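The file structure35.cif comes next; it holds mmCIF, C-alpha atoms.
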data_data
#
loop_
_atom_site.label_atom_id
_atom_site.label_comp_id
_atom_site.auth_asym_id
_atom_site.auth_seq_id
_atom_site.Cartn_x
_atom_site.Cartn_y
_atom_site.Cartn_z
CA MET X 1 -30.57 7.68 -14.04
CA VAL X 2 -26.79 7.20 -14.17
CA THR X 3 -25.33 5.20 -11.29
CA SER X 4 -22.32 6.57 -9.41
CA VAL X 5 -20.47 3.34 -8.76
CA ASN X 6 -17.51 4.52 -6.59
CA ALA X 7 -15.46 1.71 -8.18
CA GLY X 8 -12.14 2.66 -6.59
CA SER X 9 -13.32 2.51 -2.98
CA ARG X 10 -15.32 -0.65 -3.59
CA LEU X 11 -12.32 -2.40 -5.12
CA ASP X 12 -10.05 -1.26 -2.28
CA ARG X 13 -12.31 -2.79 0.39
CA LEU X 14 -12.30 -6.28 -1.16
CA PRO X 15 -10.40 -9.10 0.54
CA ILE X 16 -7.66 -10.70 -1.54
CA GLY X 17 -9.13 -13.86 -3.03
CA PRO X 18 -9.61 -16.02 -6.14
CA PHE X 19 -10.61 -13.02 -8.28
CA HIS X 20 -7.31 -11.23 -7.65
CA ARG X 21 -5.30 -14.42 -8.13
CA ARG X 22 -6.98 -15.00 -11.49
CA ILE X 23 -6.18 -11.44 -12.60
CA MET X 24 -2.59 -11.90 -11.39
CA LEU X 25 -2.29 -15.17 -13.33
CA LEU X 26 -3.66 -13.73 -16.58
CA ILE X 27 -1.44 -10.66 -16.38
CA GLY X 28 1.61 -12.39 -14.88
CA ILE X 29 1.89 -15.09 -17.56
CA GLY X 30 1.81 -12.45 -20.27
CA MET X 31 4.44 -10.41 -18.45
CA PHE X 32 6.62 -13.54 -18.14
CA PHE X 33 6.64 -13.98 -21.92
CA ASP X 34 7.43 -10.27 -22.18
CA GLY X 35 10.58 -10.83 -20.10
CA PHE X 36 11.38 -14.12 -21.83
CA ASP X 37 11.38 -12.49 -25.24
CA ILE X 38 13.37 -9.41 -24.20
CA TYR X 39 16.19 -11.68 -23.03
CA LEU X 40 15.75 -14.11 -25.94
CA ALA X 41 17.80 -11.87 -28.24
CA GLY X 42 21.07 -12.65 -26.48
CA THR X 43 20.54 -16.40 -26.95
CA VAL X 44 19.61 -16.12 -30.62
CA LEU X 45 22.02 -13.56 -32.07
CA GLY X 46 25.16 -15.48 -31.20
CA VAL X 47 23.88 -18.48 -33.18
CA THR X 48 22.73 -16.46 -36.20
CA LEU X 49 26.15 -14.79 -36.28
CA LYS X 50 28.03 -18.07 -35.98
CA THR X 51 26.00 -19.77 -38.75
CA GLY X 52 26.36 -16.81 -41.13
CA PHE X 53 22.64 -15.95 -41.09
CA SER X 54 23.53 -12.49 -39.76
CA THR X 55 26.47 -10.11 -39.53
CA LEU X 56 27.61 -8.16 -36.50
CA GLN X 57 26.15 -4.99 -38.01
CA GLN X 58 22.80 -6.69 -38.63
CA ASN X 59 22.76 -7.89 -35.02
CA ALA X 60 23.18 -4.29 -33.89
CA VAL X 61 20.25 -3.25 -36.11
CA PHE X 62 18.19 -6.14 -34.65
CA ILE X 63 18.75 -4.82 -31.13
CA SER X 64 18.00 -1.24 -32.17
CA ALA X 65 14.79 -2.35 -33.91
CA THR X 66 13.70 -4.04 -30.68
CA PHE X 67 14.10 -0.85 -28.64
CA VAL X 68 12.60 1.43 -31.29
CA GLY X 69 9.58 -0.88 -31.46
CA MET X 70 9.29 -0.95 -27.66
CA MET X 71 9.53 2.83 -27.51
CA LEU X 72 6.76 3.31 -30.08
CA GLY X 73 4.67 0.56 -28.49
CA SER X 74 4.93 2.24 -25.09
CA PHE X 75 3.80 5.54 -26.57
CA ALA X 76 0.94 4.20 -28.71
CA THR X 77 -0.54 1.91 -26.08
CA GLY X 78 -1.04 4.82 -23.69
CA PHE X 79 -3.43 6.50 -26.08
CA LEU X 80 -5.12 3.24 -27.10
CA GLY X 81 -5.56 2.15 -23.47
CA ASP X 82 -7.13 5.41 -22.30
CA ARG X 83 -9.33 5.59 -25.39
CA TYR X 84 -10.46 1.98 -25.93
CA GLY X 85 -9.84 0.38 -22.55
CA ARG X 86 -7.27 -1.81 -20.82
CA ARG X 87 -8.72 -5.15 -21.97
CA PHE X 88 -8.79 -4.26 -25.69
CA THR X 89 -5.25 -2.89 -25.61
CA TYR X 90 -3.95 -5.92 -23.74
CA GLN X 91 -5.40 -8.30 -26.33
CA PHE X 92 -4.23 -6.16 -29.26
CA ASN X 93 -0.57 -5.98 -28.21
CA LEU X 94 -0.39 -9.71 -27.40
CA LEU X 95 -1.79 -10.60 -30.82
CA ILE X 96 0.81 -8.41 -32.55
CA PHE X 97 3.63 -9.89 -30.51
CA GLY X 98 2.51 -13.51 -30.92
CA LEU X 99 2.01 -13.34 -34.69
CA ALA X 100 5.26 -11.43 -35.22
CA SER X 101 7.15 -14.00 -33.15
CA LEU X 102 5.84 -16.88 -35.25
CA ALA X 103 6.68 -14.94 -38.41
CA ALA X 104 10.21 -14.43 -37.08
CA ALA X 105 10.63 -18.21 -36.79
CA LEU X 106 9.99 -18.45 -40.55
CA ALA X 107 12.13 -15.46 -41.58
CA PRO X 108 14.08 -16.28 -44.77
CA SER X 109 16.67 -13.57 -44.17
CA MET X 110 18.05 -11.38 -41.40
CA THR X 111 16.34 -8.35 -42.95
CA VAL X 112 12.92 -10.00 -42.55
CA LEU X 113 13.85 -11.13 -39.02
CA ILE X 114 14.71 -7.53 -38.10
CA ALA X 115 11.35 -6.34 -39.44
CA CYS X 116 9.54 -9.01 -37.40
CA ARG X 117 11.54 -8.00 -34.36
CA PHE X 118 10.36 -4.40 -34.69
CA PHE X 119 6.72 -5.53 -34.45
CA MET X 120 7.57 -7.87 -31.58
CA GLY X 121 9.19 -4.91 -29.82
CA PHE X 122 6.03 -2.85 -30.39
CA GLY X 123 3.96 -5.51 -28.62
CA LEU X 124 6.52 -5.87 -25.82
CA GLY X 125 6.57 -2.13 -25.14
CA ALA X 126 2.79 -2.04 -24.99
CA GLU X 127 2.62 -5.05 -22.65
CA ASN X 128 4.92 -3.39 -20.13
CA VAL X 129 2.74 -0.28 -19.88
CA VAL X 130 -0.74 -1.77 -19.89
CA GLY X 131 0.11 -4.79 -17.71
CA TYR X 132 1.28 -2.83 -14.68
CA ALA X 133 -1.43 -0.18 -15.10
CA THR X 134 -4.21 -2.77 -15.26
CA MET X 135 -2.93 -4.58 -12.17
CA THR X 136 -2.71 -1.23 -10.36
CA GLU X 137 -6.41 -0.58 -10.93
CA PHE X 138 -7.60 -3.94 -9.53
CA VAL X 139 -5.52 -4.54 -6.39
CA PRO X 140 -6.56 -3.02 -3.00
CA ALA X 141 -4.38 -0.15 -1.77
CA ARG X 142 -3.23 -2.01 1.36
CA SER X 143 -1.39 -4.68 -0.65
CA ARG X 144 -0.92 -3.00 -4.03
CA GLY X 145 2.86 -2.75 -3.72
CA LYS X 146 3.32 -6.47 -3.03
CA TRP X 147 1.13 -7.64 -5.88
CA LEU X 148 2.61 -5.23 -8.40
CA GLY X 149 6.10 -6.15 -7.25
CA PHE X 150 5.42 -9.83 -7.80
CA THR X 151 4.19 -8.98 -11.30
CA THR X 152 7.71 -7.72 -11.93
CA VAL X 153 9.08 -11.03 -10.61
CA CYS X 154 7.13 -12.69 -13.44
CA VAL X 155 8.94 -10.47 -15.95
CA VAL X 156 12.50 -10.84 -14.66
CA THR X 157 12.14 -14.60 -14.20
CA GLY X 158 12.19 -14.62 -17.99
CA LEU X 159 15.95 -13.91 -17.87
CA PRO X 160 17.20 -17.13 -16.23
CA VAL X 161 14.43 -19.16 -17.90
CA ALA X 162 15.39 -17.85 -21.36
CA LEU X 163 19.04 -18.75 -20.71
CA LEU X 164 18.11 -22.23 -19.46
CA VAL X 165 15.59 -22.99 -22.22
CA ALA X 166 18.01 -21.76 -24.89
CA SER X 167 20.75 -24.06 -23.59
CA LEU X 168 18.39 -27.02 -24.09
CA VAL X 169 16.44 -26.00 -27.20
CA VAL X 170 18.91 -24.19 -29.48
CA PRO X 171 21.52 -27.00 -29.74
CA ASN X 172 18.79 -29.54 -30.65
CA PHE X 173 16.21 -27.53 -32.60
CA GLY X 174 17.97 -24.33 -33.67
CA TRP X 175 17.35 -20.66 -32.86
CA ARG X 176 14.01 -20.51 -34.71
CA ALA X 177 12.44 -22.76 -32.08
CA MET X 178 12.90 -20.00 -29.48
CA PHE X 179 10.63 -17.69 -31.47
CA VAL X 180 8.09 -20.50 -31.88
CA LEU X 181 7.97 -21.00 -28.11
CA GLY X 182 7.54 -17.27 -27.48
CA GLY X 183 4.87 -16.90 -30.16
CA ILE X 184 2.80 -19.92 -29.14
CA GLY X 185 3.01 -18.90 -25.48
CA ALA X 186 1.81 -15.37 -26.29
CA LEU X 187 -1.13 -16.61 -28.38
CA ILE X 188 -2.19 -19.04 -25.65
CA VAL X 189 -2.21 -16.16 -23.16
CA TRP X 190 -4.10 -14.03 -25.72
CA TYR X 191 -6.84 -16.68 -25.79
CA LEU X 192 -6.93 -17.05 -21.99
CA ARG X 193 -7.13 -13.28 -21.54
CA LYS X 194 -10.55 -13.20 -23.11
CA ALA X 195 -11.64 -13.89 -19.53
CA LEU X 196 -9.88 -10.73 -18.28
CA PRO X 197 -12.49 -8.14 -17.21
CA GLU X 198 -12.26 -4.49 -18.11
CA SER X 199 -11.11 -2.12 -15.38
CA PRO X 200 -14.18 -0.79 -13.48
CA ARG X 201 -12.14 2.30 -12.58
CA TRP X 202 -11.61 3.06 -16.28
CA LEU X 203 -15.26 2.36 -17.16
CA GLU X 204 -16.39 4.82 -14.50
CA ALA X 205 -13.78 7.40 -15.52
CA VAL X 206 -15.03 7.46 -19.13
CA GLY X 207 -18.69 7.65 -18.11
CA ARG X 208 -19.71 4.02 -18.75
CA THR X 209 -21.17 3.82 -15.26
CA GLU X 210 -23.84 1.19 -15.93
CA GLU X 211 -21.20 -1.24 -17.21
CA ALA X 212 -18.94 -0.37 -14.28
CA GLU X 213 -21.76 -0.99 -11.80
CA ALA X 214 -22.69 -4.35 -13.32
CA LEU X 215 -19.05 -5.44 -13.34
CA MET X 216 -18.50 -4.28 -9.75
CA GLN X 217 -21.51 -6.27 -8.54
CA SER X 218 -20.15 -9.37 -10.27
CA ILE X 219 -16.68 -8.87 -8.74
CA GLU X 220 -18.13 -8.25 -5.28
CA ARG X 221 -20.26 -11.40 -5.41
CA GLU X 222 -17.19 -13.47 -6.26
CA ALA X 223 -14.94 -11.74 -3.71
CA ALA X 224 -17.46 -11.80 -0.85
CA GLN X 225 -18.12 -15.57 -1.05
CA GLY X 226 -21.35 -15.07 0.90
CA GLN X 227 -19.75 -12.92 3.62
CA PRO X 228 -20.64 -9.25 4.26
CA LEU X 229 -18.16 -6.74 2.87
CA PRO X 230 -16.93 -3.69 4.81
CA ALA X 231 -18.44 -0.37 3.80
CA PRO X 232 -16.49 1.44 1.05
CA ALA X 233 -14.94 4.81 1.69
CA ALA X 234 -16.79 7.89 0.54
CA ILE X 235 -16.69 8.54 -3.17
CA SER X 236 -13.80 10.72 -4.31
CA THR X 237 -14.82 14.31 -5.04
CA VAL X 238 -11.75 14.92 -7.22
CA ALA X 239 -11.79 14.30 -10.95
CA VAL X 240 -9.03 14.93 -13.46
CA SER X 241 -9.51 16.18 -16.97
CA SER X 242 -8.68 13.55 -19.58
CA ASP X 243 -7.14 16.17 -21.90
CA LEU X 244 -3.51 15.47 -22.80
CA SER X 245 -2.55 19.00 -21.76
CA THR X 246 -3.24 18.13 -18.11
CA LEU X 247 -0.03 16.08 -18.07
CA PHE X 248 1.96 19.27 -18.49
CA THR X 249 0.35 21.28 -15.69
CA GLN X 250 0.78 20.81 -11.96
CA PRO X 251 0.64 18.48 -10.13
CA LEU X 252 1.04 15.96 -12.95
CA LEU X 253 3.98 17.80 -14.53
CA SER X 254 6.12 17.12 -11.46
CA ARG X 255 5.05 13.48 -11.52
CA MET X 256 5.88 13.23 -15.23
CA ILE X 257 9.37 14.58 -14.52
CA VAL X 258 9.92 12.17 -11.62
CA GLY X 259 8.63 9.24 -13.68
CA SER X 260 10.83 10.12 -16.65
CA ILE X 261 13.97 10.47 -14.52
CA CYS X 262 13.28 7.15 -12.79
CA LEU X 263 12.69 5.21 -16.02
CA ILE X 264 15.68 6.75 -17.81
CA THR X 265 17.81 5.76 -14.82
CA ILE X 266 16.60 2.17 -14.49
CA ASN X 267 16.67 1.51 -18.25
CA THR X 268 20.24 2.78 -18.38
CA LEU X 269 21.19 0.54 -15.44
CA LEU X 270 19.65 -2.48 -17.16
CA TYR X 271 20.90 -1.93 -20.69
CA GLY X 272 24.09 -0.04 -19.86
CA PHE X 273 25.37 -2.36 -17.15
CA ILE X 274 23.44 -5.62 -16.65
CA THR X 275 23.29 -6.64 -20.34
CA TRP X 276 26.95 -5.67 -20.84
CA LEU X 277 28.26 -7.88 -18.03
CA PRO X 278 29.53 -10.69 -20.33
CA VAL X 279 31.52 -8.12 -22.33
CA PHE X 280 32.92 -6.52 -19.18
CA PHE X 281 33.97 -9.91 -17.81
CA ILE X 282 35.72 -10.91 -21.04
CA LYS X 283 37.48 -7.55 -21.24
CA GLN X 284 38.63 -8.10 -17.65
CA GLY X 285 40.41 -11.26 -18.75
CA LEU X 286 37.85 -14.02 -18.10
CA SER X 287 37.10 -16.76 -20.61
CA ILE X 288 33.82 -16.75 -22.53
CA ALA X 289 32.56 -19.77 -20.59
CA THR X 290 33.45 -18.19 -17.25
CA SER X 291 31.91 -14.91 -18.37
CA PHE X 292 28.54 -16.48 -19.12
CA GLY X 293 28.70 -18.53 -15.93
CA TYR X 294 29.24 -15.36 -13.90
CA SER X 295 26.44 -13.64 -15.83
CA LEU X 296 24.01 -16.47 -15.08
CA LEU X 297 24.95 -16.34 -11.38
CA MET X 298 24.30 -12.60 -11.30
CA ALA X 299 21.06 -13.08 -13.25
CA LEU X 300 19.69 -14.95 -10.25
CA GLY X 301 19.76 -11.62 -8.46
CA ALA X 302 16.93 -10.44 -10.74
CA PRO X 303 14.02 -12.44 -9.25
CA ILE X 304 15.54 -12.16 -5.76
CA GLY X 305 15.82 -8.37 -5.97
CA SER X 306 12.34 -8.02 -7.48
CA ALA X 307 10.87 -10.21 -4.71
CA ILE X 308 12.56 -8.05 -2.07
CA GLY X 309 11.09 -4.97 -3.71
CA ALA X 310 7.64 -6.57 -3.71
CA LEU X 311 7.84 -7.48 -0.04
CA THR X 312 9.17 -4.10 1.15
CA ALA X 313 7.08 -1.68 -0.93
CA ASP X 314 4.04 -1.86 1.35
CA HIS X 315 6.06 -2.24 4.55
CA TRP X 316 8.66 0.53 4.13
CA GLY X 317 6.92 2.66 1.53
CA ARG X 318 7.81 3.47 -2.06
CA LYS X 319 10.04 6.50 -1.53
CA PRO X 320 12.20 5.03 1.28
CA THR X 321 12.68 1.78 -0.67
CA ILE X 322 13.60 3.57 -3.91
CA ILE X 323 16.02 5.90 -2.14
CA GLY X 324 17.50 3.09 -0.02
CA ALA X 325 18.05 0.75 -2.97
CA SER X 326 19.58 3.62 -4.96
CA LEU X 327 22.04 4.40 -2.14
CA ILE X 328 23.06 0.73 -1.83
CA SER X 329 23.55 0.57 -5.61
CA ILE X 330 25.77 3.66 -5.46
CA VAL X 331 27.98 2.19 -2.69
CA LEU X 332 28.36 -1.16 -4.45
CA GLY X 333 28.82 0.62 -7.78
CA ILE X 334 31.82 2.47 -6.32
CA ILE X 335 33.28 -0.78 -4.95
CA TYR X 336 32.65 -2.97 -8.03
CA PRO X 337 35.31 -1.50 -10.39
CA MET X 338 37.94 -1.97 -7.67
CA ILE X 339 37.42 -5.75 -7.55
CA SER X 340 39.82 -7.97 -9.50
CA ASP X 341 39.69 -11.18 -7.47
CA PRO X 342 37.85 -13.85 -9.56
CA VAL X 343 35.94 -15.07 -6.51
CA MET X 344 34.87 -11.68 -5.21
CA LEU X 345 33.95 -10.32 -8.65
CA PRO X 346 30.71 -12.33 -9.10
CA ILE X 347 29.85 -12.01 -5.40
CA VAL X 348 30.01 -8.21 -5.44
CA GLY X 349 28.34 -8.21 -8.86
CA PHE X 350 25.48 -10.35 -7.53
CA ALA X 351 25.15 -8.02 -4.53
CA LEU X 352 24.92 -5.07 -6.93
CA THR X 353 22.35 -6.80 -9.13
CA VAL X 354 19.93 -7.30 -6.21
CA PRO X 355 19.27 -3.59 -5.37
CA ILE X 356 19.12 -2.76 -9.08
CA TYR X 357 16.25 -5.23 -9.45
CA VAL X 358 14.62 -3.91 -6.29
CA LEU X 359 14.45 -0.67 -8.28
CA VAL X 360 13.13 -2.54 -11.33
CA ALA X 361 10.22 -3.87 -9.25
CA LEU X 362 9.48 -0.54 -7.56
CA LEU X 363 9.82 1.70 -10.60
CA PHE X 364 8.42 -0.35 -13.48
CA GLY X 365 5.86 -2.30 -11.51
CA VAL X 366 4.70 -0.21 -8.58
CA TYR X 367 5.57 3.48 -8.44
CA ILE X 368 5.14 4.76 -12.01
CA PRO X 369 1.54 3.51 -12.54
CA GLU X 370 0.56 4.92 -9.13
CA LEU X 371 1.73 8.43 -10.00
CA PHE X 372 -1.08 9.11 -12.45
CA PRO X 373 -4.92 9.23 -12.24
CA THR X 374 -7.05 6.64 -14.01
CA GLU X 375 -8.23 9.17 -16.62
CA VAL X 376 -4.70 9.60 -18.00
CA ARG X 377 -2.78 6.69 -16.44
CA LEU X 378 -1.87 4.82 -19.60
CA ARG X 379 -1.00 7.92 -21.62
CA ALA X 380 1.22 9.29 -18.86
CA SER X 381 2.83 5.90 -18.24
CA GLY X 382 3.27 5.45 -21.98
CA ILE X 383 5.03 8.79 -22.39
CA VAL X 384 7.47 8.31 -19.49
CA ASN X 385 8.13 4.72 -20.65
CA THR X 386 8.82 6.10 -24.13
CA LEU X 387 11.46 8.42 -22.70
CA GLY X 388 12.92 5.57 -20.67
CA ARG X 389 13.06 3.28 -23.69
CA GLY X 390 14.49 6.11 -25.76
CA ALA X 391 17.46 6.21 -23.41
CA THR X 392 18.30 2.62 -24.39
CA ILE X 393 18.91 3.74 -27.97
CA VAL X 394 21.85 5.98 -27.01
CA THR X 395 23.05 3.96 -23.98
CA PRO X 396 25.19 1.43 -25.95
CA PHE X 397 27.18 4.23 -27.60
CA MET X 398 27.77 5.95 -24.25
CA VAL X 399 28.81 2.67 -22.62
CA VAL X 400 31.35 1.90 -25.36
CA THR X 401 32.83 5.40 -25.17
CA LEU X 402 33.10 5.36 -21.38
CA PHE X 403 34.44 1.80 -21.25
CA GLU X 404 37.15 2.52 -23.79
CA ALA X 405 38.18 5.68 -21.95
CA ARG X 406 37.86 4.64 -18.29
CA GLY X 407 36.96 0.94 -18.17
CA VAL X 408 34.18 -0.34 -15.91
CA ALA X 409 34.78 2.62 -13.58
CA GLY X 410 33.76 4.99 -16.38
CA VAL X 411 30.53 3.09 -17.00
CA MET X 412 29.72 3.00 -13.29
CA SER X 413 30.28 6.76 -13.00
CA LEU X 414 27.38 7.28 -15.43
CA MET X 415 25.17 4.90 -13.46
CA ILE X 416 26.05 6.54 -10.14
CA GLY X 417 25.37 10.01 -11.50
CA LEU X 418 21.90 8.99 -12.68
CA LEU X 419 21.15 7.32 -9.34
CA VAL X 420 22.05 10.54 -7.50
CA VAL X 421 19.68 12.52 -9.72
CA GLN X 422 16.96 9.90 -9.12
CA ILE X 423 17.37 10.12 -5.33
CA VAL X 424 17.02 13.90 -5.39
CA ALA X 425 13.98 13.81 -7.71
CA VAL X 426 12.10 11.17 -5.72
CA TRP X 427 12.93 12.77 -2.36
CA ALA X 428 12.05 16.33 -3.40
CA PHE X 429 9.15 15.85 -5.83
CA GLY X 430 7.88 12.29 -5.46
CA ILE X 431 4.62 11.36 -3.76
CA GLU X 432 4.20 8.46 -1.30
CA PRO X 433 1.35 6.14 -2.42
CA ARG X 434 1.79 3.50 0.31
CA HIS X 435 -1.62 2.26 1.62
CA ARG X 436 -3.41 5.09 -0.20
CA SER X 437 -6.19 4.68 -2.74
CA LEU X 438 -5.56 5.77 -6.30
CA GLU X 439 -8.44 8.23 -5.98
CA GLU X 440 -6.90 9.81 -2.88
CA LEU X 441 -3.62 10.38 -4.75
CA LYS X 442 -5.42 12.55 -7.31
CA GLY X 443 -5.80 15.36 -4.79
CA ASP X 444 -2.14 15.71 -3.78
CA ASP X 445 -1.06 19.27 -4.51
CA ALA X 446 -4.00 19.63 -6.88
CA ALA X 447 -3.84 22.74 -9.02
CA PRO X 448 -7.04 24.62 -9.89
CA ALA X 449 -6.21 24.48 -13.60
CA LEU X 450 -6.11 20.71 -13.48
CA VAL X 451 -8.63 19.55 -10.95
CA LYS X 452 -12.34 20.24 -10.78
CA GLN X 453 -14.83 19.41 -8.12
CA VAL X 454 -17.50 16.89 -8.99
CA SER X 455 -20.93 17.76 -7.71
#

Produce structure tokens that represent the structure in this file.
Amino acid sequence: MVTSVNAGSRLDRLPIGPFHRRIMLLIGIGMFFDGFDIYLAGTVLGVTLKTGFSTLQQNAVFISATFVGMMLGSFATGFLGDRYGRRFTYQFNLLIFGLASLAAALAPSMTVLIACRFFMGFGLGAENVVGYATMTEFVPARSRGKWLGFTTVCVVTGLPVALLVASLVVPNFGWRAMFVLGGIGALIVWYLRKALPESPRWLEAVGRTEEAEALMQSIEREAAQGQPLPAPAAISTVAVSSDLSTLFTQPLLSRMIVGSICLITINTLLYGFITWLPVFFIKQGLSIATSFGYSLLMALGAPIGSAIGALTADHWGRKPTIIGASLISIVLGIIYPMISDPVMLPIVGFALTVPIYVLVALLFGVYIPELFPTEVRLRASGIVNTLGRGATIVTPFMVVTLFEARGVAGVMSLMIGLLVVQIVAVWAFGIEPRHRSLEELKGDDAAPALVKQVS
């Protein structure tokens, strides 16, 4: 007789303890190396250009290969994760990234380095999707926002750490050492993640109920620590078809649209404004040294903003925090191009960076994985992440055109326009997952064509 494990409700009733901290550590370290390597490119390309290893055109191809790889990795991992499980996909993408990173350190030419970077990008794109989704399925609903938000802190901490490590390593050991560090770190995490359990929610969703039950009993024994656990909520009577077509019928179609708009917006903010800050500063008359100093100062807003997002998601709710941070970004985005004072410029820029990274935490880490049911979570997240990453391919060309025509004000007009669209989409069509179980969210506006009752 097949056991109905009610994994979701049983996980939601667990007290936060060593089990959750171990999951957070295994996922968070991998996400840190994800962030470290994304920002590594800026520290490496300047050196390869200066030493003649690469040309400016090859550097552009290197960056494009990164984003194309991330886009394809985001798409592919969704199907792998829903088909073969979270644990397998997590190990697979880390292995690809780690081996490709070590190969990059040995690249005899820029052409080979670009090819290695494509495979690294594939692993990075997969990590982003499966990491947040896996964390979503383990953490209790009452504190899910905080824990997912702090997972994002692990990612964005890679920015200042990459800048700091590069300043110490590259002058003494060369740019190849940066890839060695990233590759060895990823492979160490790959080995440690053998202890990462599969998601009981996914096991139950695909009918592997005996495995799910055995795993749940093991988790409960560890979490209870000899104390009685509260009774779980009643088992959800709503199930979602795992067919891909369900993503394009209500209510998931609306959620797909909201998720796509949000990720296109935040990716454009990151790669159309944040990563272009050194260029903007130089074009505004600052020296290269001052430009990078200002950029490092503003980079500190990344972990601060992400931490604020983590701490407010459960307290204020997802929708109010997303809308509030978007409005603050719009106001500061209007003010920023008007600033010319060299003291006020980094201060206002730092203030603008903080709400942008509040959005990074809420959108990448918290809100998007919560929008979709376990049966299709990784595929849906993978598709909307693919669209978001796809935006980064055209963003540089749009930024250059707008900057040449209107300066920083032109670039900010694009960002503000996207933020306005995001506010409307989240307010009108977004759901509010705060303190609600993932199973409960399945039933919101459920359409008969999508949802079936489980006897």

Exercise for review: Take CA of Arg193 (chain X) and CA of Gly85 (chain X) and report the distance between them in Å, one decimal.
Suggested key: 14.0 Å

Review point. Taking the file as shown, what set of residues would the PyMOL selection byres ((chain X and resi 196-203) around 9) give back, as an MDAnalysis selection string?
Key: chainID X and resid 5:8 11 22:23 26:27 82 85:88 134 137:138 192:195 204:213 215:216 374:375

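Nearest to Met24 (chain X) of all the residues X:Leu94, X:Leu270, X:Cys154, X:Leu80 is X:Cys154, counting only C-alpha atoms.
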
Practice item. Run the PyMOL selection byres ((chain X and resi 425-439) around 9) on the file and write out the hits as a PyMOL selection string. Key: chain X and resi 8-9+12+136-137+140-145+235-239+254-255+257-259+261-262+313-320+322-323+367+370-374+420-424+440-444

Check your understanding: Exactly which residues make up the result of the PyMOL selection byres ((chain X and resi 125) around 6) on this file, given as a ChimeraX atom specification?
Key -> /X:70,73-74,122-124,126-128

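In this model, the gap between CA of Leu99 (chain X) and CA of Leu187 (chain X) comes to 7.8 Å.
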
Exercise for review: Give the answer as one residue: which of X:Gln91, X:Ile335, X:Leu327, X:Ile383 has the shortest atom-to-atom distance to Ile188 (chain X), using all atoms listed in the file?
Suggested key: X:Gln91

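Using all atoms listed in the file, the nearest neighbour of Ser326 (chain X) within the list X:Ile416, X:Val411, X:Val366, X:Val399 is X:Ile416.
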
**Study point:** One-decimal distance in Å that lies between CA of Phe36 (chain X) and CA of Pro160 (chain X)
**Key:** 8.6 Å

Exercise for review: Tell me which protein, DNA and RNA residues are within 10 Å of Thr111 (chain X), counting all atoms listed in the file, leaving out same-chain ones fewer than 5 positions away, and put them as a ChimeraX atom specification.
Suggested key: /X:54,58,61-62,116-117

Exercise for review: With a distance cut-off of 9 Å and all atoms listed in the file, select the neighbouring residues of Leu311 (chain X), excluding the residue or stretch itself and same-chain residues fewer than 5 positions from it, and output the selection as a VMD selection string.
Suggested key: chain X and resid 145 to 147 149 to 150 306

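Of the residues under consideration (X:Thr312, X:Thr48, X:Asn59, X:Thr353), X:Thr312 shows the shortest atom-to-atom contact distance to Leu148 (chain X) when counting only C-alpha atoms.
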
For region 359-372 of chain X, what centre and edge lengths in Å (one decimal) does the axis-aligned box get once 3 Å is added on each side of all its listed atoms, as AutoDock Vina command-line options?
--center_x 6.7 --center_y 2.6 --center_z -10.5 --size_x 21.5 --size_y 19.0 --size_z 11.9

**Study point:** Within 9 Å of region 164-176 of chain X using only C-alpha atoms, minus same-chain residues under 3 positions, as a list in words
**Key:** Leu40, Thr43, Val44, Leu45, Val47, Thr48, Leu102, Ala104, Ala105, Leu106, Ala107, Leu159, Pro160, Val161, Phe179, Val180 and Leu181 of chain X

Review point. Could you pull the residues within 9 Å of Glu222 (chain X), counting only C-alpha atoms, minus those fewer than 3 positions along the same chain, as a ChimeraX atom specification?
Key: /X:17-19,217-219,225-226

Practice item. Please write as JSON, numbers by chain the list of polymer residues whose atoms come within 7 Å of (14.4, -3.9, -5.5), counting all atoms listed in the file and keeping to the coordinates of the file. Key: {"X": [305, 306, 308, 309, 325, 354, 355, 356, 357, 358, 359, 360, 361, 362]}

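Of the residues listed (X:Leu163, X:Leu332, X:Ile96, X:Ala223), X:Leu163 shows the shortest atom-to-atom separation from Leu297 (chain X); distances use only C-alpha atoms.
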